Structures are given as C-alpha cells and as structure tokens.
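This is final_32.tsv. It holds TSV, C-alpha atoms and all ligand atoms.
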```tsv
chain	number	residue	atom	x	y	z
A	1	MET	CA	-36.15	76.56	-42.63
A	2	ASN	CA	-37.93	74.74	-39.85
A	3	VAL	CA	-36.40	76.27	-36.71
A	4	PRO	CA	-37.39	74.50	-33.47
A	5	HIS	CA	-39.77	76.75	-31.55
A	6	HIS	CA	-38.72	75.39	-28.16
A	7	ILE	CA	-35.22	74.14	-27.32
A	8	ALA	CA	-34.39	72.48	-23.96
A	9	ILE	CA	-30.80	72.03	-22.82
A	10	VAL	CA	-29.00	69.97	-20.18
A	11	MET	CA	-25.89	72.14	-19.80
A	12	ASP	CA	-23.47	69.39	-18.81
A	13	GLY	CA	-19.67	69.45	-18.63
A	14	ASN	CA	-18.87	72.58	-16.60
A	15	GLY	CA	-17.02	70.60	-13.94
A	16	ARG	CA	-14.84	68.75	-16.46
A	17	TRP	CA	-14.11	71.98	-18.35
A	18	ALA	CA	-12.76	73.47	-15.10
A	19	THR	CA	-10.92	70.36	-13.89
A	20	ARG	CA	-9.05	70.06	-17.20
A	21	ARG	CA	-7.76	73.57	-16.59
A	22	PHE	CA	-6.83	72.86	-12.94
A	23	LEU	CA	-9.58	75.28	-11.84
A	24	PRO	CA	-12.24	74.79	-9.16
A	25	ARG	CA	-15.51	73.35	-10.52
A	26	VAL	CA	-17.31	76.61	-9.76
A	27	ALA	CA	-15.09	78.31	-12.37
A	28	GLY	CA	-16.67	75.96	-14.91
A	29	HIS	CA	-20.15	77.01	-13.82
A	30	LYS	CA	-19.13	80.68	-14.18
A	31	GLN	CA	-18.01	79.94	-17.71
A	32	GLY	CA	-21.32	78.10	-18.13
A	33	VAL	CA	-23.21	81.32	-17.42
A	34	GLU	CA	-21.25	82.98	-20.27
A	35	ALA	CA	-22.15	80.09	-22.58
A	36	LEU	CA	-25.79	80.46	-21.58
A	37	ARG	CA	-25.75	84.18	-22.30
A	38	ARG	CA	-24.27	83.48	-25.76
A	39	CYS	CA	-26.82	80.74	-26.39
A	40	VAL	CA	-29.79	82.95	-25.45
A	41	THR	CA	-28.68	85.59	-27.96
A	42	ALA	CA	-28.02	82.99	-30.66
A	43	CYS	CA	-31.44	81.38	-30.11
A	44	ALA	CA	-33.24	84.73	-30.30
A	45	ASP	CA	-31.32	85.63	-33.48
A	46	ARG	CA	-32.39	82.34	-35.09
A	47	GLY	CA	-36.07	82.78	-34.26
A	48	VAL	CA	-36.28	80.24	-31.43
A	49	GLY	CA	-39.20	81.29	-29.23
A	50	VAL	CA	-38.51	79.36	-26.03
A	51	LEU	CA	-35.29	78.17	-24.40
A	52	THR	CA	-35.47	75.98	-21.28
A	53	VAL	CA	-32.27	75.17	-19.40
A	54	PHE	CA	-31.42	72.89	-16.49
A	55	ALA	CA	-29.41	75.08	-14.09
A	56	PHE	CA	-29.80	73.16	-10.81
A	57	SER	CA	-31.51	69.82	-10.33
A	58	SER	CA	-33.32	68.49	-7.27
A	59	GLU	CA	-30.42	66.01	-7.02
A	60	ASN	CA	-27.64	68.64	-7.22
A	61	TRP	CA	-28.01	69.28	-3.45
A	62	ASN	CA	-25.97	66.08	-3.06
A	63	ARG	CA	-22.86	67.77	-4.50
A	64	PRO	CA	-20.04	69.02	-2.25
A	65	VAL	CA	-21.18	71.89	-0.02
A	66	GLU	CA	-18.77	74.39	-1.61
A	67	GLU	CA	-20.09	73.60	-5.11
A	68	VAL	CA	-23.73	73.98	-4.03
A	69	SER	CA	-23.04	77.29	-2.31
A	70	GLY	CA	-20.96	78.36	-5.33
A	71	LEU	CA	-23.92	77.69	-7.62
A	72	MET	CA	-26.27	79.59	-5.29
A	73	ASP	CA	-23.88	82.56	-5.17
A	74	LEU	CA	-23.55	82.42	-8.94
A	75	MET	CA	-27.31	82.63	-9.28
A	76	VAL	CA	-27.39	85.79	-7.14
A	77	VAL	CA	-24.55	87.37	-9.15
A	78	ALA	CA	-26.03	86.30	-12.50
A	79	LEU	CA	-29.44	87.71	-11.56
A	80	GLY	CA	-27.95	91.09	-10.67
A	81	ARG	CA	-25.71	91.28	-13.72
A	82	GLU	CA	-27.67	89.58	-16.49
A	83	VAL	CA	-31.33	90.47	-15.92
A	84	PRO	CA	-31.08	94.09	-17.18
A	85	LYS	CA	-29.21	92.92	-20.29
A	86	LEU	CA	-31.60	90.06	-20.95
A	87	SER	CA	-34.55	92.39	-20.56
A	88	LYS	CA	-33.02	94.84	-23.03
A	89	ASP	CA	-32.78	91.95	-25.49
A	90	GLY	CA	-36.50	91.20	-25.14
A	91	VAL	CA	-36.10	88.05	-23.01
A	92	ARG	CA	-38.86	87.04	-20.61
A	93	LEU	CA	-37.58	85.01	-17.66
A	94	HIS	CA	-39.40	82.22	-15.85
A	95	PHE	CA	-37.86	80.24	-12.99
A	96	VAL	CA	-39.18	76.74	-12.73
A	97	GLY	CA	-38.67	74.51	-9.70
A	98	GLU	CA	-39.24	74.08	-5.98
A	99	ARG	CA	-38.70	77.42	-4.25
A	100	GLY	CA	-39.19	75.97	-0.77
A	101	GLY	CA	-35.54	74.91	-0.41
A	102	LEU	CA	-34.04	78.17	-1.67
A	103	SER	CA	-32.84	81.13	0.39
A	104	GLU	CA	-35.12	84.16	0.76
A	105	LYS	CA	-32.55	86.25	-1.09
A	106	ILE	CA	-32.61	83.98	-4.13
A	107	VAL	CA	-36.40	83.65	-4.14
A	108	ALA	CA	-36.74	87.45	-3.97
A	109	GLY	CA	-34.29	87.73	-6.89
A	110	LEU	CA	-36.25	85.22	-8.99
A	111	VAL	CA	-39.56	86.97	-8.31
A	112	GLN	CA	-38.06	90.35	-9.15
A	113	ALA	CA	-36.43	89.07	-12.37
A	114	GLU	CA	-39.72	87.57	-13.53
A	115	ALA	CA	-41.59	90.81	-12.81
A	116	ALA	CA	-38.93	92.96	-14.50
A	117	THR	CA	-39.06	90.95	-17.72
A	118	ALA	CA	-42.78	90.07	-17.80
A	119	HIS	CA	-43.49	92.46	-20.67
A	120	ASN	CA	-40.86	90.99	-23.02
A	121	THR	CA	-41.91	88.94	-26.03
A	122	ARG	CA	-38.84	88.08	-28.13
A	123	LEU	CA	-37.80	84.89	-26.30
A	124	VAL	CA	-39.01	83.05	-23.21
A	125	LEU	CA	-36.12	81.76	-21.08
A	126	ASN	CA	-37.16	79.10	-18.55
A	127	VAL	CA	-34.43	78.51	-16.01
A	128	CYS	CA	-35.06	75.23	-14.19
A	129	PHE	CA	-33.60	75.70	-10.73
A	130	ASN	CA	-34.15	73.15	-7.96
A	131	TYR	CA	-36.16	71.28	-10.55
A	132	GLY	CA	-36.78	67.61	-11.28
A	133	GLY	CA	-39.12	66.00	-13.80
A	134	ARG	CA	-40.54	63.66	-11.16
A	135	TRP	CA	-41.07	66.57	-8.75
A	136	ASP	CA	-43.00	68.36	-11.50
A	137	ILE	CA	-45.30	65.40	-12.26
A	138	ALA	CA	-45.90	64.57	-8.57
A	139	ARG	CA	-46.61	68.21	-7.75
A	140	ALA	CA	-49.08	68.55	-10.63
A	141	ALA	CA	-50.87	65.35	-9.58
A	142	ALA	CA	-51.04	66.51	-5.95
A	143	GLN	CA	-52.56	69.83	-7.07
A	144	LEU	CA	-55.28	68.05	-9.04
A	145	VAL	CA	-56.05	65.70	-6.14
A	146	ALA	CA	-56.28	68.66	-3.75
A	147	ARG	CA	-58.74	70.36	-6.12
A	148	GLY	CA	-60.72	67.15	-6.63
A	149	GLU	CA	-60.00	67.14	-10.37
A	150	PRO	CA	-59.54	63.90	-12.35
A	151	LEU	CA	-55.95	62.89	-13.19
A	152	THR	CA	-56.32	63.17	-16.97
A	153	GLU	CA	-53.49	63.97	-19.39
A	154	ILE	CA	-54.99	67.36	-20.19
A	155	ASN	CA	-55.42	68.31	-16.53
A	156	LEU	CA	-51.90	67.15	-15.67
A	157	ASP	CA	-50.49	69.06	-18.63
A	158	ARG	CA	-52.17	72.25	-17.43
A	159	ALA	CA	-50.90	71.78	-13.87
A	160	MET	CA	-47.28	71.18	-14.93
A	161	ALA	CA	-44.58	73.79	-14.34
A	162	LEU	CA	-44.09	74.53	-18.07
A	163	ALA	CA	-47.79	74.92	-18.88
A	164	HIS	CA	-47.07	78.42	-20.21
A	165	VAL	CA	-45.11	77.07	-23.22
A	166	PRO	CA	-45.55	74.27	-25.77
A	167	ASP	CA	-43.48	71.10	-25.32
A	168	PRO	CA	-39.81	71.23	-26.37
A	169	ASP	CA	-39.14	70.36	-30.02
A	170	LEU	CA	-35.42	69.81	-29.54
A	171	PHE	CA	-33.69	68.46	-26.42
A	172	ILE	CA	-29.93	69.02	-26.35
A	173	ARG	CA	-27.48	67.53	-23.88
A	174	THR	CA	-23.84	68.57	-23.91
A	175	GLY	CA	-20.93	66.83	-22.17
A	176	GLY	CA	-21.10	63.40	-23.80
A	177	GLU	CA	-23.63	61.64	-21.55
A	178	GLN	CA	-26.76	60.31	-23.21
A	179	ARG	CA	-29.48	60.40	-20.57
A	180	LEU	CA	-32.37	62.61	-19.47
A	181	SER	CA	-31.28	62.99	-15.83
A	182	ASN	CA	-34.82	63.72	-14.63
A	183	PHE	CA	-35.24	66.74	-16.95
A	184	LEU	CA	-38.63	67.41	-18.59
A	185	LEU	CA	-39.82	63.81	-18.28
A	186	TRP	CA	-43.40	64.73	-19.13
A	187	GLN	CA	-42.80	67.52	-21.63
A	188	GLY	CA	-40.04	65.69	-23.54
A	189	ALA	CA	-42.31	62.85	-24.69
A	190	TYR	CA	-41.86	63.77	-28.38
A	191	SER	CA	-38.77	65.97	-28.28
A	192	GLU	CA	-36.01	65.19	-30.75
A	193	LEU	CA	-32.86	64.30	-28.80
A	194	PHE	CA	-29.43	65.65	-29.69
A	195	PHE	CA	-26.30	64.67	-27.79
A	196	THR	CA	-22.89	66.24	-28.23
A	197	ASP	CA	-19.50	65.54	-26.62
A	198	ARG	CA	-18.81	69.25	-26.46
A	199	LEU	CA	-18.66	70.56	-22.87
A	200	TRP	CA	-21.22	73.24	-22.03
A	201	PRO	CA	-18.73	76.15	-21.64
A	202	GLU	CA	-17.61	75.41	-25.22
A	203	PHE	CA	-21.13	75.32	-26.67
A	204	ASP	CA	-21.10	78.18	-29.19
A	205	GLU	CA	-23.17	79.42	-32.15
A	206	ALA	CA	-21.71	76.78	-34.48
A	207	ALA	CA	-22.65	74.02	-32.01
A	208	LEU	CA	-26.20	75.38	-31.78
A	209	ASP	CA	-26.43	75.47	-35.58
A	210	GLU	CA	-25.22	71.86	-35.71
A	211	ALA	CA	-27.98	70.79	-33.31
A	212	ILE	CA	-30.63	72.73	-35.26
A	213	ALA	CA	-29.39	71.24	-38.56
A	214	ALA	CA	-29.66	67.71	-37.07
A	215	TYR	CA	-33.20	68.54	-35.91
A	216	GLN	CA	-34.11	69.69	-39.40
A	217	GLN	CA	-33.15	66.25	-40.76
A	218	ARG	CA	-35.50	64.44	-38.39
A	219	GLU	CA	-38.94	63.23	-39.38
A	220	ARG	CA	-41.30	63.95	-36.49
A	221	ARG	CA	-43.99	61.31	-36.70
A	222	PHE	CA	-45.74	61.63	-33.30
A	223	GLY	CA	-46.74	57.97	-33.50
A	224	GLN	CA	-47.85	58.14	-37.14
A	225	THR	CA	-46.14	56.55	-40.14
A	226	SER	CA	-44.00	58.21	-42.81
A	227	SER	CA	-46.63	57.66	-45.47
A	228	GLN	CA	-49.37	59.10	-43.29
A	229	LEU	CA	-47.29	62.23	-42.91
A	230	ALA	CA	-46.77	62.34	-46.68
A	231	GLY	CA	-50.54	62.21	-47.16
A	232	GLY	CA	-50.69	58.50	-47.98
A	233	ALA	CA	-52.59	57.41	-44.86
A	234	GLY	CA	-53.57	53.75	-44.93
A	235	ARG	CA	-50.55	52.36	-46.80
A	236	ASP	CA	-48.62	51.53	-43.64
A	237	ARG	CA	-50.41	49.68	-40.88
A	238	GLN	CA	-47.77	49.82	-38.19
A	239	ALA	CA	-47.21	53.08	-36.30
A	240	ALA	CA	-43.51	53.83	-35.69
B	1	LIG	C1	-23.67	70.29	-15.11
B	1	LIG	O1	-22.27	70.23	-15.30
B	1	LIG	C2	-24.06	71.66	-14.82
B	1	LIG	C3	-24.67	72.07	-13.70
B	1	LIG	C4	-25.05	71.19	-12.59
B	1	LIG	C5	-25.01	73.49	-13.50
B	1	LIG	C6	-25.36	74.22	-14.76
B	1	LIG	C7	-25.31	75.64	-14.46
B	1	LIG	C8	-24.89	76.60	-15.33
B	1	LIG	C9	-24.52	76.38	-16.73
B	1	LIG	C10	-24.77	77.99	-14.88
B	1	LIG	C11	-26.09	78.64	-14.84
B	1	LIG	C12	-26.55	78.52	-13.47
B	1	LIG	C13	-26.80	79.49	-12.63
B	1	LIG	C14	-26.78	79.14	-11.22
B	1	LIG	C15	-27.06	80.89	-13.05
B	1	LIG	P1	-21.43	69.34	-14.31
B	1	LIG	O2	-21.02	70.18	-13.16
B	1	LIG	O3	-22.21	68.12	-13.96
B	1	LIG	O4	-20.19	68.98	-15.19
B	1	LIG	P2	-19.37	67.62	-15.19
B	1	LIG	O5	-20.31	66.57	-15.72
B	1	LIG	O6	-18.25	67.91	-16.12
B	1	LIG	O7	-18.92	67.38	-13.78
```

Any chance you could give the structure as structure tokens?
Amino acid sequence: MNVPHHIAIVMDGNGRWATRRFLPRVAGHKQGVEALRRCVTACADRGVGVLTVFAFSSENWNRPVEEVSGLMDLMVVALGREVPKLSKDGVRLHFVGERGGLSEKIVAGLVQAEAATAHNTRLVLNVCFNYGGRWDIARAAAQLVARGEPLTEINLDRAMALAHVPDPDLFIRTGGEQRLSNFLLWQGAYSELFFTDRLWPEFDEAALDEAIAAYQQRERRFGQTSSQLAGGAGRDRQAA
C-alpha cells in the first residue's frame, strides 16, 4: 500500500489530557513524550521514512512560566533518556528551530543528539523546537539576501530548515482544532491534512493507522485534474 513517506504532526491536546485528570499541564506533556515514542516506533514499523513533530512553537514562550520551564526540563530529560533508545532503533534526529533563545544546556544536548544519531538510516525524526513556519521562511529569505542570491522558489526551498527531507505527504493534527498554527507553512503546500479529536497522549497505533488509511483514500492531484492523473490529459480543462 501507499504509505506516506513523510508524516508531520501537531501534537495537540496534552494540556486538556492533564486537566481532565486534575493533573498539572506538564504531566500531559510528559505523557506526550510517551505518545511520541510510541508513534516513532509505529511509523518506522510501517515504513514511514520521515516524521516531523511540533514540540515547541515560537509562540509557546507566551505560556505560563512554569509550563515553559516544564517543557524545557522535559526536553533535557527526554534527550538523556530517549536518545540512546532512538539510536538503537535506527532513528536519526534533527532539531529544527531557532537555537538563539534556548539555554546552552539544551543546545548542547540537541547538538550531541544529532551527532550521536547521524549514522542512522531507518527513520528521520525532525523535532521542531522553538520553530515557526514564518520564522523559517523569513530566515531562508534573509540568508539568500545576505548571499546576494535571487529569491526564487528553488533557492528558498534549499535554504529552508527542512531542506534535508522531501515535503510532508500527510499532516496530522490531534486535539480537535483544525488549523496549521504556523507549522510547516512552506513545506505543507501539498500535504494531505488529517484532523482528529483524539488528544495527543491518546494517539496510538490504531489512530496512526486510521490517519494513514484516510491518506490512502486521497487523490493527490498537485494542481492537475483527475483525468490527467489517469492518463487522460486534455479531457478536463480546469485544474482542481
Ligand atoms: C500542544 O498541546 C503541545 C505542546 C505545546 C507541546 C508538545 C510537546 C510534546 C508532545 C512533548 C515533546 C516535547 C518535548 C519537549 C520533548 P497543548 O498543551 O496546547 O494542549 P491543549 O490544547 O490541550 O492545551
């Protein structure tokens, strides 16, 4: 079957998962790390080549101080605990986002995790941390301007933070909201969108299979018509 090569996920609903259990929001994020671990394994088992997740957005700094510091601490703990296991499973880690605003300890952890997993080839895991789609586009454009290169689509594409992987085929958002929230604005141009009410900590193998099955029902036309795709180019005049 046609398994999406690259899946991107907005892991939404951790806070609600915790609040419903009378737990602090950070407990939901901790459970979110478990869900992510499960999802990485399930993706690798299904032949997905790239998984890109939104772990901390440029806008998440506006959350209560204790939640922001909880997420930062969680990153440090997750790096220490998960990287050896991920590496053993053949996962190559990339951290995507602005490192300027992060602590030295976290940046050192990210650099070390990328180096420790650089030889792995089973699955690429891009963790977007202090990332925003607009930041990515603006940064790529600024790089081109600084180098005196023209702002063409190809040049921008090459300067973007996910230039090392093809664009996402399937974009999943959990937690019931149906918006992009500044995630992969450039790269998601032709991604198939899948929204589920399920909260991220409850996103399991069955939920992943449901999203992949929905993807497999989609007709990806990339601006062409159905009949063009079926080999009947010329019958339809209007691109969809
Ligand atoms: C959105 O849920 C989730 C986040 C802002 C953080 C996602 C992070 C993880 C899943 C853990 C992995 C991250 C690290 C640091 C290793 P929400 O808090 O907006 O949930 P809500 O909509 O129910 O409030």

Polymer residues at most 9 Å from region 207-221 of chain A, all atoms listed in the file, same-chain spacing of 2 or more positions, as a compact mmCIF listing (two decimals) with C-alpha atoms, in the frame of the given file:
```txt
# COMPACT_ATOMS: atom_id res chain seq x y z
CA MET A 1 -36.15 76.56 -42.63
CA ASN A 2 -37.93 74.74 -39.85
CA VAL A 3 -36.40 76.27 -36.71
CA PRO A 4 -37.39 74.50 -33.47
CA CYS A 39 -26.82 80.74 -26.39
CA ALA A 42 -28.02 82.99 -30.66
CA CYS A 43 -31.44 81.38 -30.11
CA ASP A 169 -39.14 70.36 -30.02
CA LEU A 170 -35.42 69.81 -29.54
CA ILE A 172 -29.93 69.02 -26.35
CA TYR A 190 -41.86 63.77 -28.38
CA SER A 191 -38.77 65.97 -28.28
CA GLU A 192 -36.01 65.19 -30.75
CA LEU A 193 -32.86 64.30 -28.80
CA PHE A 194 -29.43 65.65 -29.69
CA PHE A 195 -26.30 64.67 -27.79
CA THR A 196 -22.89 66.24 -28.23
CA ARG A 198 -18.81 69.25 -26.46
CA GLU A 202 -17.61 75.41 -25.22
CA PHE A 203 -21.13 75.32 -26.67
CA ASP A 204 -21.10 78.18 -29.19
CA GLU A 205 -23.17 79.42 -32.15
CA GLY A 223 -46.74 57.97 -33.50
CA GLN A 224 -47.85 58.14 -37.14
CA THR A 225 -46.14 56.55 -40.14
CA SER A 226 -44.00 58.21 -42.81
CA GLN A 228 -49.37 59.10 -43.29
CA LEU A 229 -47.29 62.23 -42.91
CA ALA A 239 -47.21 53.08 -36.30
CA ALA A 240 -43.51 53.83 -35.69
```

Protein and nucleic acid residues within 8 Å of ligand LIG 1 (chain B) (all atoms listed in the file) as a VMD selection string
chain A and resid 10 to 18 25 28 to 33 35 to 36 54 to 57 60 71 to 79 129 175 199 to 201

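When CA of Asn62 (chain A) is paired with CA of Asn130 (chain A), their separation reads 11.9 Å.
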
At what distance in Å, to one decimal, does CA of Ala189 (chain A) lie from CA of Gly231 (chain A)?
23.9 Å

Pick from A:Gln112, A:Thr152, A:Leu125, A:Arg134, whichever lies nearest to Val165 (chain A) using only C-alpha atoms
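Checking each candidate against Val165 (chain A), we get A:Leu125 as the closest.
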
Between A:Ala116, A:Asn126, A:Arg37, A:Ser69, which residue has the minimum interatomic distance to Ser103 (chain A), considering all atoms listed in the file?
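Among A:Ala116, A:Asn126, A:Arg37, A:Ser69, it is A:Ser69 that comes nearest to Ser103 (chain A).
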
Grab the CA of Leu86 (chain A) to CA of Asn120 (chain A) distance for me, in Å with one decimal place.
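So the answer is 9.5 Å.
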
Could you pull the residues within 9 Å of Pro84 (chain A), counting only C-alpha atoms, minus those fewer than 3 positions along the same chain, as a ChimeraX atom specification?
/A:79-81,87-89,113,116-117
